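Trainee: The structure file data-v5.tsv (TSV, C-alpha atoms) is provided below.
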```tsv
chain	number	residue	atom	x	y	z
X	207	MET	CA	4.75	13.42	-26.48
X	208	THR	CA	7.95	11.74	-25.47
X	209	SER	CA	8.30	9.46	-22.51
X	210	THR	CA	10.27	12.08	-20.60
X	211	THR	CA	7.40	14.55	-20.75
X	212	LEU	CA	5.00	11.86	-19.58
X	213	PHE	CA	7.38	10.96	-16.78
X	214	TRP	CA	7.56	14.60	-15.65
X	215	ILE	CA	3.77	14.98	-15.70
X	216	PHE	CA	3.14	11.75	-13.77
X	217	SER	CA	5.86	12.38	-11.20
X	218	ILE	CA	4.86	15.99	-10.49
X	219	ILE	CA	1.18	15.07	-10.10
X	220	SER	CA	2.16	12.17	-7.87
X	221	LEU	CA	4.42	14.28	-5.62
X	222	ILE	CA	1.85	17.07	-5.28
X	223	SER	CA	-0.87	14.59	-4.34
X	224	ALA	CA	1.48	12.89	-1.86
X	225	CYS	CA	1.92	16.28	-0.16
X	226	MET	CA	-1.86	16.69	-0.15
X	227	VAL	CA	-2.27	13.25	1.49
X	228	VAL	CA	-0.03	14.31	4.34
X	229	SER	CA	-1.34	17.82	4.80
X	230	LEU	CA	-5.11	17.53	4.39
X	231	SER	CA	-7.22	17.34	7.53
X	232	ASN	CA	-10.16	15.44	6.08
X	233	ALA	CA	-9.22	11.77	5.91
X	234	VAL	CA	-11.55	10.94	3.00
X	235	TYR	CA	-9.80	13.46	0.73
X	236	SER	CA	-6.45	12.03	1.85
X	237	VAL	CA	-7.48	8.55	0.72
X	238	LEU	CA	-8.64	9.92	-2.64
X	239	PHE	CA	-5.29	11.67	-3.16
X	240	LEU	CA	-3.55	8.43	-2.15
X	241	ILE	CA	-5.37	6.74	-5.04
X	242	VAL	CA	-4.01	9.45	-7.38
X	243	VAL	CA	-0.45	8.76	-6.11
X	244	PHE	CA	-0.85	5.02	-6.73
X	245	CYS	CA	-2.29	5.48	-10.23
X	246	ASN	CA	0.50	7.87	-11.28
X	247	THR	CA	3.22	5.59	-9.94
X	248	ALA	CA	1.67	2.68	-11.82
X	249	SER	CA	1.75	4.75	-15.01
X	250	ILE	CA	5.45	5.58	-14.49
X	251	LEU	CA	6.11	1.86	-14.08
X	252	LEU	CA	4.25	1.27	-17.32
X	253	LEU	CA	6.53	3.83	-18.97
X	254	LEU	CA	9.57	2.01	-17.62
X	255	GLY	CA	8.37	-1.25	-19.08
X	256	ALA	CA	7.45	-3.21	-15.95
X	257	GLU	CA	3.95	-4.08	-17.07
X	258	PHE	CA	3.17	-6.89	-14.66
X	259	LEU	CA	4.05	-4.97	-11.51
X	260	SER	CA	2.36	-1.84	-12.83
X	261	PHE	CA	-0.98	-3.59	-13.17
X	262	LEU	CA	-0.39	-5.46	-9.94
X	263	PHE	CA	0.10	-2.10	-8.19
X	264	LEU	CA	-3.15	-0.88	-9.67
X	265	ILE	CA	-5.00	-3.99	-8.55
X	266	VAL	CA	-3.52	-4.36	-5.08
X	267	TYR	CA	-3.01	-0.75	-4.01
X	268	VAL	CA	-6.04	0.91	-5.58
X	269	GLY	CA	-8.34	-2.09	-5.55
X	270	ALA	CA	-7.55	-3.48	-2.13
X	271	ILE	CA	-5.61	-1.12	0.14
X	272	ALA	CA	-7.26	2.17	-0.83
X	273	VAL	CA	-10.72	0.60	-0.63
X	274	LEU	CA	-9.81	-0.78	2.81
X	275	PHE	CA	-8.72	2.70	3.91
X	276	LEU	CA	-11.92	4.25	2.58
X	277	PHE	CA	-13.99	1.59	4.35
X	278	VAL	CA	-12.28	2.21	7.68
X	279	VAL	CA	-12.46	6.01	7.32
X	280	MET	CA	-16.17	5.86	6.55
X	281	MET	CA	-16.82	3.37	9.36
X	282	LEU	CA	-14.92	5.21	12.09
X	283	ASN	CA	-16.66	8.56	11.49
X	284	VAL	CA	-13.58	10.53	12.57
X	285	LYS	CA	-14.26	13.91	14.05
X	286	ILE	CA	-11.75	16.68	13.44
X	287	ASP	CA	-11.04	18.12	16.86
X	288	GLY	CA	-8.64	20.99	17.21
X	289	VAL	CA	-5.74	19.63	19.22
X	290	LYS	CA	-3.13	22.33	19.43
X	291	ILE	CA	0.20	21.19	18.06
X	292	ASN	CA	3.53	22.69	19.02
X	293	TYR	CA	5.03	22.89	15.55
X	294	SER	CA	8.46	24.16	16.55
X	295	THR	CA	9.70	20.93	18.14
X	296	ILE	CA	8.32	18.69	15.41
X	297	PHE	CA	9.72	20.85	12.63
X	298	LEU	CA	13.24	20.48	13.98
X	299	ILE	CA	12.93	16.67	13.92
X	300	GLY	CA	11.52	16.82	10.41
X	301	ILE	CA	14.40	18.92	9.10
X	302	LEU	CA	16.93	16.65	10.84
X	303	ILE	CA	15.47	13.48	9.35
X	304	SER	CA	15.20	14.94	5.87
X	305	LEU	CA	18.83	16.10	6.07
X	306	ILE	CA	19.99	12.61	7.08
X	307	LEU	CA	18.00	11.07	4.23
X	308	LEU	CA	19.37	13.63	1.78
X	309	ILE	CA	22.96	12.86	2.76
X	310	GLN	CA	22.36	9.13	2.47
X	311	ILE	CA	20.79	9.39	-0.95
X	312	TRP	CA	23.56	11.75	-2.06
X	313	THR	CA	26.25	9.28	-1.06
X	314	ALA	CA	24.35	6.53	-2.81
X	315	LEU	CA	24.17	8.61	-5.97
X	316	GLN	CA	27.92	9.05	-5.99
X	317	LEU	CA	28.32	5.37	-6.78
X	318	ASP	CA	28.94	4.94	-10.47
X	319	ILE	CA	26.82	2.20	-11.88
X	320	GLU	CA	28.12	0.81	-15.13
X	321	ALA	CA	25.02	0.40	-17.22
X	322	TYR	CA	23.25	2.12	-19.99
X	323	ASP	CA	21.70	5.38	-18.91
X	324	ASN	CA	18.80	5.62	-21.30
X	325	ILE	CA	15.76	3.47	-20.79
X	326	GLY	CA	12.15	3.71	-21.76
X	327	VAL	CA	10.17	3.57	-24.93
X	328	PRO	CA	12.40	4.23	-27.94
X	329	LEU	CA	11.15	7.17	-29.95
X	330	SER	CA	12.95	8.87	-32.79
X	331	GLN	CA	13.65	12.59	-32.97
X	332	ASN	CA	10.57	13.40	-35.05
X	333	ASN	CA	8.26	11.71	-32.53
X	334	PHE	CA	7.63	8.87	-34.93
X	335	PRO	CA	7.84	5.54	-33.18
X	336	THR	CA	10.58	3.29	-34.42
X	337	ILE	CA	9.64	0.19	-36.29
X	338	ILE	CA	8.96	-2.72	-33.96
X	339	SER	CA	9.77	-6.16	-35.23
X	340	TRP	CA	6.76	-8.09	-34.00
X	341	ILE	CA	8.27	-11.45	-34.91
X	342	GLN	CA	11.21	-10.69	-32.63
X	343	GLU	CA	8.85	-9.38	-29.94
X	344	ASN	CA	6.92	-12.64	-30.08
X	345	GLU	CA	10.08	-14.64	-29.68
X	346	LEU	CA	11.30	-12.76	-26.62
X	347	PRO	CA	9.71	-13.59	-23.24
X	348	SER	CA	7.50	-10.82	-21.88
X	349	ASN	CA	7.89	-9.20	-18.48
X	350	THR	CA	5.17	-11.33	-16.91
X	351	GLU	CA	6.62	-14.50	-18.38
X	352	SER	CA	10.13	-13.75	-17.16
X	353	ILE	CA	8.88	-13.03	-13.65
X	354	GLY	CA	6.88	-16.25	-13.62
X	355	LEU	CA	9.80	-18.26	-14.93
X	356	ILE	CA	11.89	-17.57	-11.85
X	357	LEU	CA	9.15	-16.97	-9.28
X	358	TYR	CA	7.83	-20.52	-9.50
X	359	THR	CA	11.24	-22.20	-9.83
X	360	SER	CA	14.21	-20.70	-7.99
X	361	TYR	CA	12.23	-18.38	-5.74
X	362	SER	CA	9.33	-20.68	-4.90
X	363	LEU	CA	10.19	-20.46	-1.20
X	364	VAL	CA	9.65	-16.68	-1.33
X	365	PHE	CA	6.31	-17.29	-2.98
X	366	ILE	CA	5.22	-19.75	-0.29
X	367	MET	CA	6.42	-17.32	2.40
X	368	CYS	CA	4.30	-14.55	0.84
X	369	ALA	CA	1.30	-16.86	0.96
X	370	PHE	CA	1.88	-17.57	4.65
X	371	ILE	CA	2.26	-13.86	5.42
X	372	LEU	CA	-1.05	-13.14	3.75
X	373	LEU	CA	-2.71	-16.01	5.62
X	374	LEU	CA	-1.32	-14.68	8.90
X	375	ALA	CA	-2.61	-11.19	8.14
X	376	MET	CA	-6.05	-12.54	7.29
X	377	ILE	CA	-6.32	-14.64	10.48
X	378	GLY	CA	-4.89	-11.81	12.59
X	379	SER	CA	-7.30	-9.18	11.37
X	380	ILE	CA	-10.28	-11.53	11.72
X	381	VAL	CA	-9.30	-12.45	15.30
X	382	LEU	CA	-8.68	-8.79	16.21
X	383	THR	CA	-11.97	-7.42	14.96
X	384	MET	CA	-14.24	-10.30	16.00
X	385	ASN	CA	-15.77	-9.37	19.32
X	386	GLN	CA	-17.33	-12.15	21.35
X	387	ARG	CA	-19.95	-10.69	23.63
X	388	SER	CA	-21.07	-12.92	26.45
X	389	GLY	CA	-24.61	-12.97	27.79
X	390	VAL	CA	-26.29	-12.24	24.49
X	391	LYS	CA	-29.16	-14.52	23.48
X	392	THR	CA	-28.38	-15.80	20.01
X	393	GLN	CA	-29.41	-18.69	17.87
X	394	GLN	CA	-27.75	-21.96	18.90
X	395	ILE	CA	-27.52	-24.14	15.86
X	396	THR	CA	-26.39	-27.33	17.61
X	397	LEU	CA	-29.37	-27.32	19.96
X	398	GLN	CA	-31.70	-26.77	17.04
X	399	LEU	CA	-30.19	-29.65	15.12
X	400	TYR	CA	-30.38	-32.01	18.09
X	401	ARG	CA	-34.12	-31.42	18.50
X	402	ASN	CA	-36.12	-34.57	17.89
X	403	GLN	CA	-39.51	-34.17	16.30
X	404	ASN	CA	-41.02	-37.14	18.14
X	405	LYS	CA	-40.52	-35.43	21.46
X	406	VAL	CA	-41.54	-31.96	20.34
X	407	VAL	CA	-45.04	-32.59	19.02
X	408	ARG	CA	-47.30	-34.01	21.70
X	409	PHE	CA	-50.96	-33.94	22.75
X	410	ILE	CA	-52.04	-31.96	25.71
X	411	ASP	CA	-55.39	-32.38	27.43
X	412	LEU	CA	-56.62	-28.89	28.02
X	413	ARG	CA	-59.86	-29.75	29.75
X	414	LYS	CA	-58.97	-32.42	32.25
X	415	ASN	CA	-61.79	-32.23	34.71
K	248	MET	CA	14.60	9.43	-22.26
K	249	ILE	CA	14.13	8.72	-18.57
K	250	THR	CA	17.51	8.82	-16.92
K	251	GLN	CA	18.56	7.32	-13.63
K	252	LEU	CA	18.60	10.63	-11.80
K	253	TYR	CA	14.95	11.41	-12.54
K	254	CYS	CA	13.73	8.16	-11.00
K	255	GLU	CA	16.12	8.51	-8.06
K	256	ASN	CA	14.82	12.00	-7.33
K	257	TYR	CA	11.23	10.88	-7.66
K	258	THR	CA	11.59	7.99	-5.21
K	259	PHE	CA	13.63	10.14	-2.84
K	260	PHE	CA	11.01	12.89	-2.67
K	261	LEU	CA	8.18	10.38	-2.36
K	262	PHE	CA	9.98	8.68	0.54
K	263	LEU	CA	10.69	12.08	2.13
K	264	VAL	CA	7.03	13.04	1.94
K	265	GLY	CA	6.19	9.76	3.69
K	266	VAL	CA	8.73	10.28	6.47
K	267	LEU	CA	7.73	13.90	7.04
K	268	GLY	CA	4.09	12.85	7.01
K	269	ILE	CA	4.78	10.60	9.98
K	270	PHE	CA	6.73	13.17	11.94
K	271	LEU	CA	4.85	16.39	11.17
K	272	ASN	CA	1.43	14.87	11.66
K	273	GLN	CA	-0.34	14.61	14.98
K	274	LYS	CA	-3.95	14.51	13.95
K	275	SER	CA	-4.95	10.92	13.35
K	276	ILE	CA	-3.15	7.63	13.06
K	277	ILE	CA	-4.84	6.82	9.75
K	278	ILE	CA	-2.72	9.49	8.03
K	279	ILE	CA	0.37	7.79	9.48
K	280	ILE	CA	-0.62	4.44	7.98
K	281	MET	CA	-1.21	6.21	4.66
K	282	SER	CA	2.26	7.74	4.71
K	283	LEU	CA	3.66	4.28	5.52
K	284	GLU	CA	1.96	3.08	2.34
K	285	ILE	CA	3.61	5.93	0.41
K	286	MET	CA	7.01	4.89	1.79
K	287	PHE	CA	6.40	1.25	0.81
K	288	LEU	CA	5.41	2.44	-2.65
K	289	SER	CA	8.56	4.50	-3.12
K	290	VAL	CA	10.83	1.69	-1.91
K	291	SER	CA	9.25	-0.89	-4.19
K	292	PHE	CA	9.38	1.60	-7.08
K	293	ASN	CA	13.09	1.94	-6.40
K	294	PHE	CA	13.50	-1.84	-6.50
K	295	ILE	CA	11.64	-2.11	-9.80
K	296	PHE	CA	13.54	0.80	-11.35
K	297	PHE	CA	16.91	-0.66	-10.48
K	298	SER	CA	15.83	-4.11	-11.65
K	299	ILE	CA	15.14	-2.55	-15.05
K	300	TYR	CA	18.25	-0.39	-14.96
K	301	LEU	CA	20.65	-3.19	-14.06
K	302	ASP	CA	18.73	-5.73	-16.17
K	303	ASN	CA	18.13	-8.11	-13.28
K	304	ILE	CA	14.65	-9.51	-12.67
K	305	VAL	CA	15.17	-10.28	-8.95
K	306	GLY	CA	14.35	-6.68	-7.98
K	307	GLN	CA	10.83	-7.10	-9.29
K	308	LEU	CA	10.45	-10.22	-7.14
K	309	PHE	CA	11.49	-8.17	-4.12
K	310	ALA	CA	8.89	-5.58	-5.10
K	311	LEU	CA	6.32	-8.39	-5.13
K	312	ALA	CA	7.35	-9.40	-1.59
K	313	ILE	CA	7.15	-5.77	-0.44
K	314	LEU	CA	3.68	-5.56	-1.94
K	315	THR	CA	2.58	-8.60	0.09
K	316	VAL	CA	4.00	-7.17	3.30
K	317	ALA	CA	2.41	-3.77	2.63
K	318	ALA	CA	-1.02	-5.30	2.09
K	319	SER	CA	-0.86	-7.44	5.25
K	320	GLU	CA	0.55	-4.56	7.29
K	321	SER	CA	-2.22	-2.17	6.30
K	322	SER	CA	-4.93	-4.75	6.99
K	323	ILE	CA	-3.60	-5.57	10.47
K	324	GLY	CA	-3.01	-1.89	11.26
K	325	LEU	CA	-6.53	-0.94	10.30
K	326	ALA	CA	-7.90	-3.85	12.34
K	327	ILE	CA	-5.99	-2.59	15.39
K	328	LEU	CA	-7.34	0.89	14.64
K	329	VAL	CA	-10.92	-0.38	14.58
K	330	VAL	CA	-10.42	-2.17	17.93
K	331	TYR	CA	-8.86	0.97	19.43
K	332	TYR	CA	-11.74	3.10	18.18
K	333	ARG	CA	-14.20	0.68	19.78
K	334	ILE	CA	-12.46	1.09	23.14
K	335	ARG	CA	-11.65	4.81	23.17
K	336	SER	CA	-13.98	6.20	20.45
K	337	THR	CA	-11.20	8.46	19.16
K	338	ILE	CA	-8.08	7.93	17.07
K	339	THR	CA	-6.18	11.08	17.93
K	340	ILE	CA	-2.50	10.44	18.60
K	341	GLU	CA	-2.27	13.02	21.37
K	342	LEU	CA	-4.64	11.02	23.55
K	343	MET	CA	-2.98	7.62	23.10
K	344	THR	CA	-2.02	6.83	26.67
K	345	LEU	CA	-3.55	3.38	27.19
K	346	THR	CA	-0.19	1.65	27.75
K	347	LYS	CA	1.24	4.39	29.91
K	348	GLY	CA	0.97	2.36	33.10
```
I need this file expressed as structure tokens, please.
Mentor:
Amino acid sequence: MTSTTLFWIFSIISLISACMVVSLSNAVYSVLFLIVVFCNTASILLLLGAEFLSFLFLIVYVGAIAVLFLFVVMMLNVKIDGVKINYSTIFLIGILISLILLIQIWTALQLDIEAYDNIGVPLSQNNFPTIISWIQENELPSNTESIGLILYTSYSLVFIMCAFILLLAMIGSIVLTMNQRSGVKTQQITLQLYRNQNKVVRFIDLRKN
Amino acid sequence: MITQLYCENYTFFLFLVGVLGIFLNQKSIIIIIMSLEIMFLSVSFNFIFFSIYLDNIVGQLFALAILTVAASESSIGLAILVVYYRIRSTITIELMTLTKG
């Protein structure tokens, strides 16, 4: 199986499941199809040779974002209520936007980029893989290594900025979802810690006649 | 061999599905956030593809930054959604008139 066949399979499955994400009414099924889209895109990236970002997509998108979506969908218990939609007005906007996008992409494709046109895993005509020189492969830096070599040196400011964005998102979501209810009797730790045992335990005369 | 046009078409259709998912959908806002994720995915795929095609590693760094922004965006959006559900107990877009004045 050549890489082109694999690319076709992954892309068609991914596009069909993306359409299912948009069109399905049950949100749980939409999240599951979203996971299929992410996995197939990660496999196409693996075909292209970007190993680090492929596995990062699997970890971040499937492991974090899709699980977050599933958690929220399960927690909210969304009811499907039949709100009538006037499809005629929306459809016009959809066609307009897709036309604009199509024209933009078409003009972008007219640009002639001077580079080699064939990428991917080299396979010979008889589907036998070509001989890989492992000594040369060991000498060359891998994808992960070449990303790390410039991410921590020339683009370290971008890295720090990413860290601050993630910190901001974490603090923001915690502050948003934390609800402080007033007037609820809860455990007060400071008062408990300040309690002195000499004053707590004392003798009481029950029969003081 | 995977040519440039295949990847271009793939990202274009994926982005189109995301955009149409925002505009043709009026059921719940969670589908809209999901189609935003699809759009982020297609854009970062485009960055990675062209970084491989033009043999320049900076595109993959941009994809990394997009990944960070996508993760933080979805977490904050879902937090806002949870707060909204606590107030209104529905997430239908048709009934979103809290800031109407």
Trainee: Can you tell me, as a list in words, what residues are no more than 10 Å from Phe365 in chain X when counting all atoms listed in the file, ignoring any on the same chain fewer than 4 positions away?
Mentor: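 Here the answer would be Leu357, Tyr358, Thr359, Ser360, Tyr361, Ala369, Phe370 and Ile371 of chain X; Leu308, Leu311, Ala312 and Thr315 of chain K.
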Trainee: Near chain K, which residues of chain X fall within 7 Å when you count only C-alpha atoms, and what do they look like as a PyMOL selection string?
Mentor: chain X and resi 209-210+217+221+224-225+228+271+296-297+300+304+321+323-326+353+368+372+375+378-379+382-383
Trainee: For the selection just defined, write its residues with C-alpha atoms to a file, as a PDB file, in the coordinates of the input.
Mentor:
```pdb
ATOM      1  CA  SER X 209       8.300   9.460 -22.510  1.00  0.00           C
ATOM      2  CA  THR X 210      10.270  12.080 -20.600  1.00  0.00           C
ATOM      3  CA  SER X 217       5.860  12.380 -11.200  1.00  0.00           C
ATOM      4  CA  LEU X 221       4.420  14.280  -5.620  1.00  0.00           C
ATOM      5  CA  ALA X 224       1.480  12.890  -1.860  1.00  0.00           C
ATOM      6  CA  CYS X 225       1.920  16.280  -0.160  1.00  0.00           C
ATOM      7  CA  VAL X 228      -0.030  14.310   4.340  1.00  0.00           C
ATOM      8  CA  ILE X 271      -5.610  -1.120   0.140  1.00  0.00           C
ATOM      9  CA  ILE X 296       8.320  18.690  15.410  1.00  0.00           C
ATOM     10  CA  PHE X 297       9.720  20.850  12.630  1.00  0.00           C
ATOM     11  CA  GLY X 300      11.520  16.820  10.410  1.00  0.00           C
ATOM     12  CA  SER X 304      15.200  14.940   5.870  1.00  0.00           C
ATOM     13  CA  ALA X 321      25.020   0.400 -17.220  1.00  0.00           C
ATOM     14  CA  ASP X 323      21.700   5.380 -18.910  1.00  0.00           C
ATOM     15  CA  ASN X 324      18.800   5.620 -21.300  1.00  0.00           C
ATOM     16  CA  ILE X 325      15.760   3.470 -20.790  1.00  0.00           C
ATOM     17  CA  GLY X 326      12.150   3.710 -21.760  1.00  0.00           C
ATOM     18  CA  ILE X 353       8.880 -13.030 -13.650  1.00  0.00           C
ATOM     19  CA  CYS X 368       4.300 -14.550   0.840  1.00  0.00           C
ATOM     20  CA  LEU X 372      -1.050 -13.140   3.750  1.00  0.00           C
ATOM     21  CA  ALA X 375      -2.610 -11.190   8.140  1.00  0.00           C
ATOM     22  CA  GLY X 378      -4.890 -11.810  12.590  1.00  0.00           C
ATOM     23  CA  SER X 379      -7.300  -9.180  11.370  1.00  0.00           C
ATOM     24  CA  LEU X 382      -8.680  -8.790  16.210  1.00  0.00           C
ATOM     25  CA  THR X 383     -11.970  -7.420  14.960  1.00  0.00           C
TER      26      THR X 383
END
```
Trainee: Which residue gives the smallest distance to Gly255 in chain X among X:Ser362, X:Leu298, X:Thr350, X:Ile311, with only C-alpha atoms counted?
Mentor: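 The shortest atom-to-atom distance to Gly255 in chain X comes from X:Thr350.
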Trainee: Between CA of Leu264 in chain X and CA of Thr247 in chain X, what is the distance in Å, rounded to a tenth?
Mentor: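 Rounded to one decimal, the two atoms are 9.1 Å apart.
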Trainee: CA of Val273 in chain X and CA of Phe261 in chain X, how far apart in Å?
Mentor: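 Pair CA of Phe261 in chain X / CA of Val273 in chain X returns 16.4 Å.
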Trainee: Please compute the CA of Leu308 in chain X-CA of Phe263 in chain X distance, one decimal, in Å.
Mentor: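 So the answer is 26.8 Å.
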Trainee: Please report, as AutoDock Vina command-line options, the centre and edge lengths in Å to one decimal of an axis-aligned box covering all listed atoms of range 251-256 of chain K with 3 Å per side.
Mentor:
```
--center_x 16.2 --center_y 9.7 --center_z -10.5 --size_x 10.9 --size_y 10.7 --size_z 12.3
```
Trainee: Within 6 Å of range 239-241 of chain X, counting all atoms listed in the file, which residues qualify if same-chain residues fewer than 5 places away don't, as a list in words?
Mentor: Ser223, Val227 and Val268 of chain X
Trainee: Residues near range 230-238 of chain X, anyone? I mean within 7 Å using all atoms listed in the file, not counting same-chain ones fewer than 6 positions away, as a list in words.
Mentor: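 So the residues in contact are Ala272, Phe275, Leu276 and Val279 of chain X.
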